[in-house]
file data.txt (compact mmCIF, C-alpha atoms and all ligand atoms)
# COMPACT_ATOMS: atom_id res chain seq x y z
CA MET F 1 12.76 18.76 8.19
CA ASN F 2 11.51 15.41 9.37
CA HIS F 3 8.79 14.35 6.98
CA LYS F 4 7.49 11.48 9.12
CA THR F 5 4.08 13.02 9.54
CA ARG F 6 0.41 12.34 10.02
CA LYS F 7 0.11 11.80 6.28
CA GLN F 8 2.85 9.21 6.44
CA ALA F 9 1.01 7.41 9.21
CA LYS F 10 -2.03 7.43 6.93
CA ASN F 11 0.10 6.12 4.07
CA ALA F 12 1.60 3.50 6.34
CA GLY F 13 -1.93 2.41 7.15
CA LYS F 14 -2.73 2.15 3.45
CA THR F 15 0.58 0.43 2.87
CA PHE F 16 -0.03 -2.01 5.69
CA PHE F 17 -3.23 -2.99 3.98
CA ARG F 18 -1.33 -3.46 0.76
CA ALA F 19 1.44 -5.43 2.46
CA ALA F 20 -1.13 -7.68 4.04
CA ALA F 21 -2.70 -8.01 0.64
CA THR F 22 0.67 -8.93 -0.83
CA PHE F 23 0.82 -11.90 1.45
CA LEU F 24 -2.56 -12.96 0.22
CA LEU F 25 -0.94 -12.82 -3.20
CA LEU F 26 1.76 -15.30 -2.25
CA VAL F 27 0.47 -18.54 -3.68
CA GLY F 28 0.95 -22.09 -2.43
CA LEU F 29 2.53 -21.47 0.96
CA ALA F 30 0.06 -23.48 3.04
CA SER F 31 2.33 -26.52 3.13
CA CYS F 32 5.32 -24.46 4.33
CA LYS F 33 3.95 -23.21 7.63
CA ALA F 34 5.64 -25.65 10.03
CA GLN F 35 8.87 -23.82 10.89
CA ALA F 36 7.99 -20.41 9.47
CA LEU F 37 9.08 -17.24 11.21
CA ASP F 38 7.50 -13.91 10.21
CA ARG F 39 8.26 -10.33 11.15
CA SER F 40 6.83 -7.04 9.86
CA GLU F 41 8.02 -3.54 10.71
CA LEU F 42 7.46 -0.04 9.39
CA VAL F 43 10.78 0.87 7.75
CA LEU F 44 11.65 2.82 4.55
CA GLY F 45 8.23 4.47 4.78
CA THR F 46 6.47 1.17 4.19
CA ILE F 47 5.66 -2.17 5.82
CA CYS F 48 8.63 -4.50 5.44
CA THR F 49 8.02 -8.20 6.02
CA VAL F 50 10.47 -11.09 6.13
CA ARG F 51 9.00 -14.59 6.17
CA ILE F 52 11.53 -17.37 6.73
CA LEU F 53 10.19 -20.79 5.72
CA ASP F 54 13.23 -23.00 6.19
CA GLY F 55 16.34 -22.51 8.34
CA ALA F 56 14.70 -19.86 10.51
CA SER F 57 16.47 -18.27 13.46
CA ASN F 58 15.88 -15.15 15.50
CA ASN F 59 19.48 -14.14 14.81
CA ALA F 60 18.83 -14.15 11.08
CA MET F 61 15.65 -12.13 11.52
CA ASN F 62 17.33 -9.62 13.84
CA ALA F 63 20.25 -9.18 11.44
CA ALA F 64 17.85 -8.59 8.53
CA PHE F 65 15.87 -5.87 10.32
CA ALA F 66 19.03 -4.26 11.74
CA ARG F 67 20.29 -3.99 8.16
CA LEU F 68 17.03 -2.38 7.02
CA SER F 69 17.34 0.27 9.75
CA GLU F 70 20.96 0.92 8.70
CA ILE F 71 19.91 1.43 5.09
CA GLU F 72 17.13 3.79 6.14
CA ALA F 73 19.53 5.78 8.36
CA GLU F 74 21.87 6.17 5.42
CA MET F 75 19.59 6.56 2.40
CA SER F 76 16.35 8.22 3.42
CA ALA F 77 15.76 11.64 1.90
CA ASN F 78 12.84 12.14 4.27
CA ILE F 79 14.56 11.97 7.65
CA SER F 80 16.96 14.71 8.74
CA GLY F 81 20.48 13.59 9.64
CA THR F 82 20.75 10.68 7.18
CA VAL F 83 23.75 10.68 4.84
CA VAL F 84 21.51 11.46 1.84
CA ALA F 85 19.91 14.34 3.77
CA GLU F 86 23.41 15.69 4.51
CA ILE F 87 24.41 15.38 0.84
CA ASN F 88 21.25 17.33 -0.07
CA LYS F 89 21.84 19.98 2.61
CA ASN F 90 25.37 20.52 1.31
CA ALA F 91 24.40 20.74 -2.38
CA GLY F 92 26.43 23.46 -4.05
CA ILE F 93 28.49 23.82 -0.86
CA LYS F 94 30.75 20.84 -0.27
CA PRO F 95 31.15 17.08 -0.83
CA VAL F 96 29.87 14.81 1.93
CA PRO F 97 31.79 11.69 2.98
CA CYS F 98 29.77 8.51 2.48
CA SER F 99 30.05 4.73 2.36
CA ALA F 100 31.08 2.69 -0.66
CA GLU F 101 27.58 1.17 -0.73
CA LEU F 102 25.88 4.55 -1.10
CA ARG F 103 28.31 5.49 -3.88
CA TYR F 104 27.59 2.13 -5.52
CA LEU F 105 23.83 2.67 -5.40
CA VAL F 106 24.04 6.24 -6.71
CA LYS F 107 26.23 5.02 -9.61
CA LYS F 108 23.73 2.22 -10.26
CA ALA F 109 20.92 4.81 -10.35
CA MET F 110 22.99 6.84 -12.81
CA GLU F 111 23.41 3.73 -15.00
CA ILE F 112 19.62 3.36 -15.11
CA TYR F 113 19.38 7.07 -15.95
CA ASP F 114 21.67 6.42 -18.94
CA ALA F 115 19.87 3.24 -20.02
CA SER F 116 16.52 5.02 -19.90
CA ASP F 117 17.68 8.32 -21.45
CA GLY F 118 16.91 10.12 -18.22
CA ALA F 119 13.39 8.71 -17.71
CA PHE F 120 14.73 7.46 -14.39
CA ASP F 121 16.43 10.37 -12.65
CA PRO F 122 17.71 10.17 -9.05
CA SER F 123 18.45 13.91 -9.11
CA ILE F 124 14.79 15.01 -9.12
CA GLY F 125 14.52 15.18 -5.32
CA ALA F 126 13.67 18.90 -5.34
CA LEU F 127 10.74 18.23 -7.68
CA VAL F 128 9.54 15.27 -5.56
CA LYS F 129 9.63 17.43 -2.40
CA LEU F 130 7.84 20.30 -4.19
CA TRP F 131 4.83 18.09 -5.03
CA GLY F 132 5.01 16.37 -1.63
CA ILE F 133 2.87 13.45 -2.80
CA GLY F 134 2.29 11.13 0.15
CA PHE F 135 3.08 13.88 2.66
CA ASP F 136 1.08 16.60 4.46
CA ASN F 137 2.05 19.24 1.91
CA GLU F 138 0.93 17.34 -1.23
CA HIS F 139 -0.47 19.83 -3.75
CA VAL F 140 -0.34 20.83 -7.40
CA PRO F 141 2.54 23.33 -7.54
CA GLU F 142 2.54 26.44 -9.69
CA ASP F 143 3.98 25.84 -13.13
CA LYS F 144 6.82 28.31 -12.52
CA ASP F 145 7.85 26.42 -9.37
CA ILE F 146 7.89 23.16 -11.33
CA LYS F 147 10.10 24.80 -13.97
CA ASN F 148 12.44 26.07 -11.24
CA ALA F 149 12.63 22.60 -9.66
CA LEU F 150 13.52 21.17 -13.09
CA LEU F 151 16.54 23.50 -13.20
CA LEU F 152 17.80 21.70 -10.11
CA LYS F 153 18.28 18.28 -11.66
CA GLY F 154 20.74 16.60 -13.97
CA LYS F 155 22.96 13.57 -13.72
CA GLU F 156 26.00 15.68 -14.62
CA ASN F 157 25.50 17.55 -11.34
CA ILE F 158 25.93 14.39 -9.24
CA ILE F 159 29.64 13.93 -8.59
CA VAL F 160 30.59 10.59 -7.07
CA ASP F 161 34.21 10.58 -5.92
CA ASP F 162 35.33 7.04 -5.07
CA LYS F 163 38.93 8.08 -4.46
CA ASN F 164 38.01 10.47 -1.67
CA GLY F 165 34.88 8.56 -0.63
CA ASN F 166 32.28 11.30 -1.03
CA ILE F 167 29.36 12.61 -3.09
CA PHE F 168 28.85 16.22 -4.15
CA LEU F 169 25.75 17.76 -5.71
CA ALA F 170 26.97 20.62 -7.86
CA LYS F 171 23.86 22.84 -7.75
CA LYS F 172 22.62 24.50 -4.60
CA GLY F 173 19.06 23.37 -3.87
CA MET F 174 19.27 20.10 -5.79
CA GLU F 175 18.40 16.87 -4.00
CA LEU F 176 19.11 13.19 -4.43
CA ASP F 177 16.10 10.86 -4.15
CA LEU F 178 16.75 7.11 -4.06
CA GLY F 179 13.11 6.26 -3.30
CA ALA F 180 12.73 4.49 -6.64
CA ILE F 181 15.67 2.12 -6.17
CA ALA F 182 16.73 1.80 -2.50
CA LYS F 183 14.01 -0.68 -1.49
CA GLY F 184 15.26 -3.01 -4.23
CA TYR F 185 18.81 -2.62 -2.99
CA ALA F 186 17.63 -3.36 0.54
CA ALA F 187 15.90 -6.56 -0.65
CA ASP F 188 19.14 -7.75 -2.29
CA GLN F 189 21.05 -6.97 0.89
CA LEU F 190 18.57 -8.89 3.04
CA ALA F 191 18.78 -11.90 0.73
CA ASP F 192 22.58 -11.93 1.19
CA ILE F 193 22.28 -11.64 4.95
CA LEU F 194 19.74 -14.46 5.22
CA GLY F 195 22.05 -16.61 3.08
CA LYS F 196 24.92 -15.93 5.52
CA TYR F 197 22.70 -17.12 8.38
CA ARG F 198 22.05 -20.34 6.43
CA VAL F 199 18.41 -19.57 5.81
CA LYS F 200 17.30 -22.03 3.15
CA ALA F 201 13.99 -20.48 2.07
CA ALA F 202 12.50 -17.04 2.65
CA ILE F 203 10.38 -14.30 1.14
CA ILE F 204 11.42 -10.69 1.52
CA ASP F 205 8.57 -8.23 0.99
CA LEU F 206 9.48 -4.57 1.30
CA GLY F 207 6.16 -2.87 0.65
CA GLY F 208 5.39 -5.13 -2.29
CA ASN F 209 8.98 -5.27 -3.52
CA ILE F 210 9.39 -9.08 -3.43
CA LYS F 211 12.51 -11.23 -3.43
CA PHE F 212 12.62 -15.01 -3.04
CA VAL F 213 15.53 -16.69 -1.26
CA GLY F 214 16.45 -20.33 -1.83
CA LYS F 215 14.15 -23.24 -2.62
CA LYS F 216 10.66 -23.59 -1.26
CA PRO F 217 10.53 -26.42 1.33
CA ASP F 218 8.08 -28.40 -0.83
CA LYS F 219 10.54 -28.05 -3.79
CA GLN F 220 7.85 -26.38 -5.90
CA SER F 221 8.50 -23.11 -7.71
CA TRP F 222 7.72 -19.84 -5.94
CA LYS F 223 4.48 -18.26 -7.03
CA ILE F 224 3.63 -14.61 -6.61
CA GLY F 225 0.39 -13.00 -7.63
CA ILE F 226 0.56 -9.69 -9.44
CA GLN F 227 -1.88 -7.25 -7.87
CA ASN F 228 -4.99 -6.36 -9.82
CA PRO F 229 -4.57 -2.56 -9.83
CA TYR F 230 -8.35 -2.12 -9.97
CA ASP F 231 -8.96 -4.13 -6.83
CA SER F 232 -7.45 -2.87 -3.59
CA ARG F 233 -8.46 -6.02 -1.73
CA GLY F 234 -5.40 -7.98 -2.76
CA ALA F 235 -7.01 -9.77 -5.70
CA ARG F 236 -4.48 -10.98 -8.21
CA LEU F 237 -4.78 -10.74 -11.96
CA GLY F 238 -2.30 -13.54 -12.50
CA MET F 239 0.86 -15.00 -11.10
CA ALA F 240 4.55 -15.24 -11.80
CA ILE F 241 6.09 -18.69 -11.30
CA LEU F 242 9.76 -18.37 -10.44
CA GLU F 243 12.86 -20.05 -9.05
CA GLY F 244 14.61 -18.80 -5.91
CA GLY F 245 16.77 -15.71 -6.29
CA PHE F 246 14.21 -13.85 -8.42
CA SER F 247 12.61 -10.57 -7.53
CA VAL F 248 9.33 -9.04 -8.67
CA VAL F 249 8.85 -5.30 -8.26
CA THR F 250 5.85 -3.23 -9.31
CA SER F 251 5.61 0.53 -9.80
CA GLY F 252 2.06 1.75 -9.99
CA ILE F 253 -0.13 4.79 -9.69
CA TYR F 254 -2.66 3.23 -7.35
CA GLU F 255 -0.76 3.62 -4.10
CA ARG F 256 0.78 7.07 -3.58
CA ASN F 257 -1.53 9.60 -5.12
CA PHE F 258 -4.09 12.30 -4.43
CA THR F 259 -7.10 13.82 -6.10
CA ALA F 260 -7.13 17.62 -6.34
CA GLU F 261 -10.23 19.72 -5.59
CA ASP F 262 -11.06 19.89 -9.31
CA GLY F 263 -11.09 16.08 -9.45
CA SER F 264 -7.73 15.70 -11.25
CA PHE F 265 -5.66 12.70 -10.23
CA TYR F 266 -1.95 13.00 -9.43
CA HIS F 267 0.48 10.19 -8.56
CA HIS F 268 4.12 9.95 -7.50
CA ILE F 269 5.97 8.79 -10.63
CA PHE F 270 7.25 11.87 -12.42
CA ASP F 271 8.33 12.51 -15.95
CA PRO F 272 11.66 14.28 -15.38
CA ALA F 273 11.21 16.07 -18.73
CA THR F 274 7.96 17.83 -17.76
CA GLY F 275 7.99 17.81 -13.96
CA TYR F 276 4.43 16.37 -13.88
CA PRO F 277 3.25 12.86 -12.97
CA VAL F 278 3.49 10.58 -16.01
CA ARG F 279 0.27 10.28 -17.99
CA ASN F 280 0.76 7.61 -20.62
CA GLY F 281 -2.23 5.36 -20.00
CA LEU F 282 -0.26 2.95 -17.81
CA VAL F 283 -1.47 1.86 -14.41
CA SER F 284 1.44 -0.35 -13.38
CA VAL F 285 4.69 -1.91 -14.55
CA SER F 286 6.13 -5.06 -12.97
CA ILE F 287 9.71 -6.16 -13.51
CA ILE F 288 11.06 -9.67 -12.97
CA SER F 289 14.80 -9.90 -12.46
CA LYS F 290 17.36 -11.62 -10.24
CA SER F 291 18.58 -8.23 -9.05
CA SER F 292 15.92 -6.50 -6.96
CA THR F 293 17.93 -3.27 -7.27
CA ASP F 294 17.54 -3.43 -11.05
CA ALA F 295 13.91 -4.51 -10.81
CA ASP F 296 13.03 -1.54 -8.58
CA GLY F 297 14.90 1.03 -10.66
CA LEU F 298 13.62 -0.41 -13.94
CA ALA F 299 9.98 -0.64 -12.80
CA THR F 300 10.04 3.14 -12.33
CA ALA F 301 12.13 3.77 -15.46
CA LEU F 302 9.89 1.64 -17.70
CA PHE F 303 6.77 3.23 -16.26
CA VAL F 304 8.09 6.61 -17.42
CA LEU F 305 9.32 5.26 -20.77
CA GLY F 306 5.97 3.66 -21.64
CA LYS F 307 5.39 0.27 -23.24
CA GLU F 308 7.15 0.55 -26.61
CA LYS F 309 10.49 1.86 -25.38
CA GLY F 310 10.06 -0.01 -22.10
CA ILE F 311 9.70 -3.42 -23.74
CA ALA F 312 12.73 -2.71 -25.94
CA LEU F 313 14.82 -1.82 -22.87
CA ALA F 314 13.59 -4.85 -20.89
CA ASP F 315 14.59 -7.13 -23.79
CA LYS F 316 17.99 -5.46 -24.06
CA LEU F 317 18.65 -5.90 -20.34
CA GLY F 318 17.24 -9.45 -20.14
CA VAL F 319 14.51 -8.77 -17.56
CA GLY F 320 10.80 -9.58 -17.59
CA ALA F 321 8.36 -6.68 -17.98
CA ILE F 322 4.57 -6.63 -17.55
CA PHE F 323 2.70 -3.43 -18.42
CA ILE F 324 -0.93 -2.90 -17.45
CA ASP F 325 -2.85 -0.02 -18.91
CA GLU F 326 -6.06 1.75 -18.01
CA ASP F 327 -8.02 -0.25 -20.61
CA LYS F 328 -7.13 -3.43 -18.68
CA LYS F 329 -4.73 -4.49 -21.42
CA LEU F 330 -1.60 -6.41 -20.51
CA PHE F 331 1.64 -6.15 -22.50
CA MET F 332 4.54 -8.51 -21.76
CA ASN F 333 7.92 -9.21 -23.25
CA ASP F 334 8.93 -12.81 -24.00
CA PHE F 335 10.77 -13.21 -20.69
CA ALA F 336 7.63 -12.29 -18.75
CA LYS F 337 5.44 -14.51 -20.95
CA SER F 338 7.68 -17.47 -20.08
CA CYS F 339 6.86 -17.19 -16.36
CA PHE F 340 3.60 -15.24 -15.97
CA LEU F 341 0.15 -16.76 -16.07
CA LEU F 342 -2.81 -14.43 -16.65
CA GLU F 343 -5.79 -15.65 -14.63
CA ASP F 344 -8.26 -12.77 -14.55
CA ARG F 345 -9.78 -12.79 -17.99
CA SER F 346 -11.27 -9.32 -17.58
CA PHE F 347 -7.72 -8.28 -18.59
CA THR F 348 -6.68 -8.81 -22.20
CA GLU F 349 -3.21 -9.95 -23.11
CA VAL F 350 -1.92 -8.03 -26.11
CA ASN F 351 0.81 -9.48 -28.28
CA SER F 352 3.83 -7.22 -27.78
CA GLN F 353 4.55 -7.38 -31.54
CA LEU F 354 1.43 -5.22 -31.86
CA VAL F 355 2.67 -2.62 -29.42
CA ASN F 356 4.27 -0.54 -32.18
P1 LIG G 1 8.82 3.63 -7.21
O1 LIG G 1 8.29 3.76 -8.59
O2 LIG G 1 9.90 2.63 -7.02
O3 LIG G 1 9.42 5.03 -6.78
C1 LIG G 1 8.70 6.22 -6.90
C2 LIG G 1 9.41 7.22 -6.05
O4 LIG G 1 10.67 7.53 -6.67
C3 LIG G 1 8.65 8.53 -5.91
O5 LIG G 1 7.90 8.54 -4.72
C4 LIG G 1 9.78 9.53 -5.92
O6 LIG G 1 10.34 9.61 -4.62
C5 LIG G 1 10.80 8.93 -6.85
N1 LIG G 1 10.58 9.18 -8.28
C6 LIG G 1 9.45 9.62 -8.92
N2 LIG G 1 9.65 9.70 -10.26
C7 LIG G 1 10.94 9.31 -10.46
C8 LIG G 1 11.74 9.20 -11.65
N3 LIG G 1 11.26 9.50 -12.87
N4 LIG G 1 13.02 8.78 -11.51
C9 LIG G 1 13.53 8.46 -10.27
N5 LIG G 1 12.82 8.55 -9.12
C10 LIG G 1 11.54 8.96 -9.23
N6 LIG G 1 8.10 7.35 2.61
C11 LIG G 1 7.54 8.11 3.57
O7 LIG G 1 6.37 8.44 3.48
N7 LIG G 1 8.25 8.51 4.66
C12 LIG G 1 9.54 8.15 4.83
O8 LIG G 1 10.15 8.51 5.84
C13 LIG G 1 10.17 7.36 3.84
N8 LIG G 1 11.46 7.00 3.96
C14 LIG G 1 12.04 6.25 2.98
C15 LIG G 1 13.38 5.89 3.10
C16 LIG G 1 14.01 5.14 2.11
C17 LIG G 1 15.45 4.79 2.25
C18 LIG G 1 13.26 4.69 0.98
C19 LIG G 1 13.88 3.84 -0.08
C20 LIG G 1 11.93 5.05 0.87
C21 LIG G 1 11.30 5.82 1.84
N9 LIG G 1 9.97 6.18 1.74
C22 LIG G 1 9.39 6.97 2.72
C23 LIG G 1 9.13 5.76 0.59
C24 LIG G 1 9.46 6.60 -0.65
O9 LIG G 1 9.23 7.94 -0.41
C25 LIG G 1 8.65 6.18 -1.85
O10 LIG G 1 7.29 6.30 -1.63
C26 LIG G 1 8.85 4.79 -2.20
O11 LIG G 1 10.21 4.46 -2.16
C27 LIG G 1 8.24 4.62 -3.56
O12 LIG G 1 8.39 3.30 -3.89
P2 LIG G 1 7.42 2.61 -4.89
O13 LIG G 1 7.92 1.23 -5.01
O14 LIG G 1 6.01 2.85 -4.51
O15 LIG G 1 7.60 3.43 -6.26
MG MG G 2 11.20 1.70 -8.36
call {"tool": "encode", "arguments": {"input": "data.txt", "output": "structure tokens", "more": "lines below"}}
Ligand code: FAD
Ligand code: MG
result
Amino acid sequence: MNHKTRKQAKNAGKTFFRAAATFLLLVGLASCKAQALDRSELVLGTICTVRILDGASNNAMNAAFARLSEIEAEMSANISGTVVAEINKNAGIKPVPCSAELRYLVKKAMEIYDASDGAFDPSIGALVKLWGIGFDNEHVPEDKDIKNALLLKGKENIIVDDKNGNIFLAKKGMELDLGAIAKGYAADQLADILGKYRVKAAIIDLGGNIKFVGKKPDKQSWKIGIQNPYDSRGARLGMAILEGGFSVVTSGIYERNFTAEDGSFYHHIFDPATGYPVRNGLVSVSIISKSSTDADGLATALFVLGKEKGIALADKLGVGAIFIDEDKKLFMNDFAKSCFLLEDRSFTEVNSQLVN
């Protein structure tokens, strides 16, 4: 079934607002306007923007957006006929031939599953579809249906066969969902492509999944505001100051969500252990890392893990992590502290030693 629906259009509208807001959050670009080239398109269910600041060419831009469409055609679980949709359709039936890059990304997702003890789980597609958050059918499912969907997951049921070039899902009805990692992968791919076209400075923004390419024309560091989750108007609570090559990815509950008739709030980041949206007091998690693939996967993983385990994993993997909770408290590991400046003093920075 093609899930590109009215609801998606509504989400795209919301997302467009957010993407526009993201650009408001890019700090210190006024001096870089001269040869800039911008393009925004709705791809991967979100607004994707590439802004080239130095070394711009239409060829580079065209190649970047062609690559995004290729990734969507291969990896979307929401559009019928993609390779991932075929893998899902053939779950429990037969392996489906696929590219080395899809096998790479699925293995990467499985690595994050292992690192996070299953908090990040690319095999929960059936559960994601059951809730339908962000789509026309979003609803609170019956508990028994959630339990049934949970029977259809498990990393051991994803069989990646590099020798024969295919992927097989062992249980009928199970579904792969790369929604929590594929935008990061796409950002890394776009950075490589822009480099091949000799782009010297660019910002890739895939629905708020940011990656910086090269050196800013004015030789200053890149600055990216982190969205204040309590202010939808693009206000920032602080900013990360980074060199080229870094990515900043945020997973939060303030974008894809719905409020049920009884007033309960449900969002799209699930605890694979319970089958319900995570409720751990967090509002958002931002990850800073050179790999946007890792940053995307880990932002979701650390959201599910919560701040104590999340900070330990971020330290182990050498990435920056910023947690914001519903009491407007901010928890950062040392990496994040070295490059993030809190500006909005209505948020309180809590020493991560006190987290435990
Ligand atoms: P993230 O935290 O990065 O990801 C959350 C998403 O990951 C959830 O929406 C769910 O899909 C999944 N997820 C939830 N919990 C977990 C968990 N514990 N472990 C692993 N995964 C989890 N949206 C549309 O509306 N229509 C489309 O046609 C569409 N096509 C897409 C095609 C591609 C290739 C990609 C990458 C995304 C597409 N999207 C589409 C968007 C997608 O459905 C998600 O909304 C989006 O990727 C979520 O990104 P995020 O950064 O907001 O959150
Ligand atoms: Mg993610």
call {"tool": "atom_distance", "arguments": {"input": "data.txt", "atom1": "CA of Tyr254 (chain F)", "atom2": "CA of His268 (chain F)"}}
result
9.5 Å
call {"tool": "closest_atom_pairs", "arguments": {"input": "data.txt", "of": "region 145-164 of chain F", "to": "region 115-134 of chain F", "cutoff": "9 Å", "atoms": "all atoms listed in the file", "output": "tab-separated table"}}
result
residue	atom	partner	partner_atom	distance
F:Asp145	CA	F:Leu130	CA	8.0
F:Ile146	CA	F:Leu127	CA	6.8
F:Asn148	CA	F:Leu127	CA	8.8
F:Ala149	CA	F:Leu127	CA	5.2
F:Leu150	CA	F:Leu127	CA	6.8
F:Leu152	CA	F:Ala126	CA	6.9
F:Lys153	CA	F:Ser123	CA	5.1
F:Gly154	CA	F:Ser123	CA	6.0
F:Lys155	CA	F:Ser123	CA	6.5
F:Asn157	CA	F:Ser123	CA	8.2
F:Ile158	CA	F:Ser123	CA	7.5
call {"tool": "residues_near_ligand", "arguments": {"input": "data.txt", "ligand": "ligand LIG 1 (chain G)", "cutoff": "6 Å", "atoms": "only C-alpha atoms and all ligand atoms", "output": "ChimeraX atom specification"}}
result
/F:4,8,44-45,72,75-76,78-79,119-122,128,134,177-183,251,268-272,296,300
call {"tool": "atom_distance", "arguments": {"input": "data.txt", "atom1": "CA of Lys163 (chain F)", "atom2": "CA of Leu68 (chain F)"}}
result
26.8 Å
call {"tool": "residues_around", "arguments": {"input": "data.txt", "residues": "Ala63 (chain F)", "least_positions_apart": "6", "cutoff": "10 Å", "atoms": "only C-alpha atoms", "output": "list in words"}}
result
Leu190, Ile193, Leu194 and Tyr197 of chain F
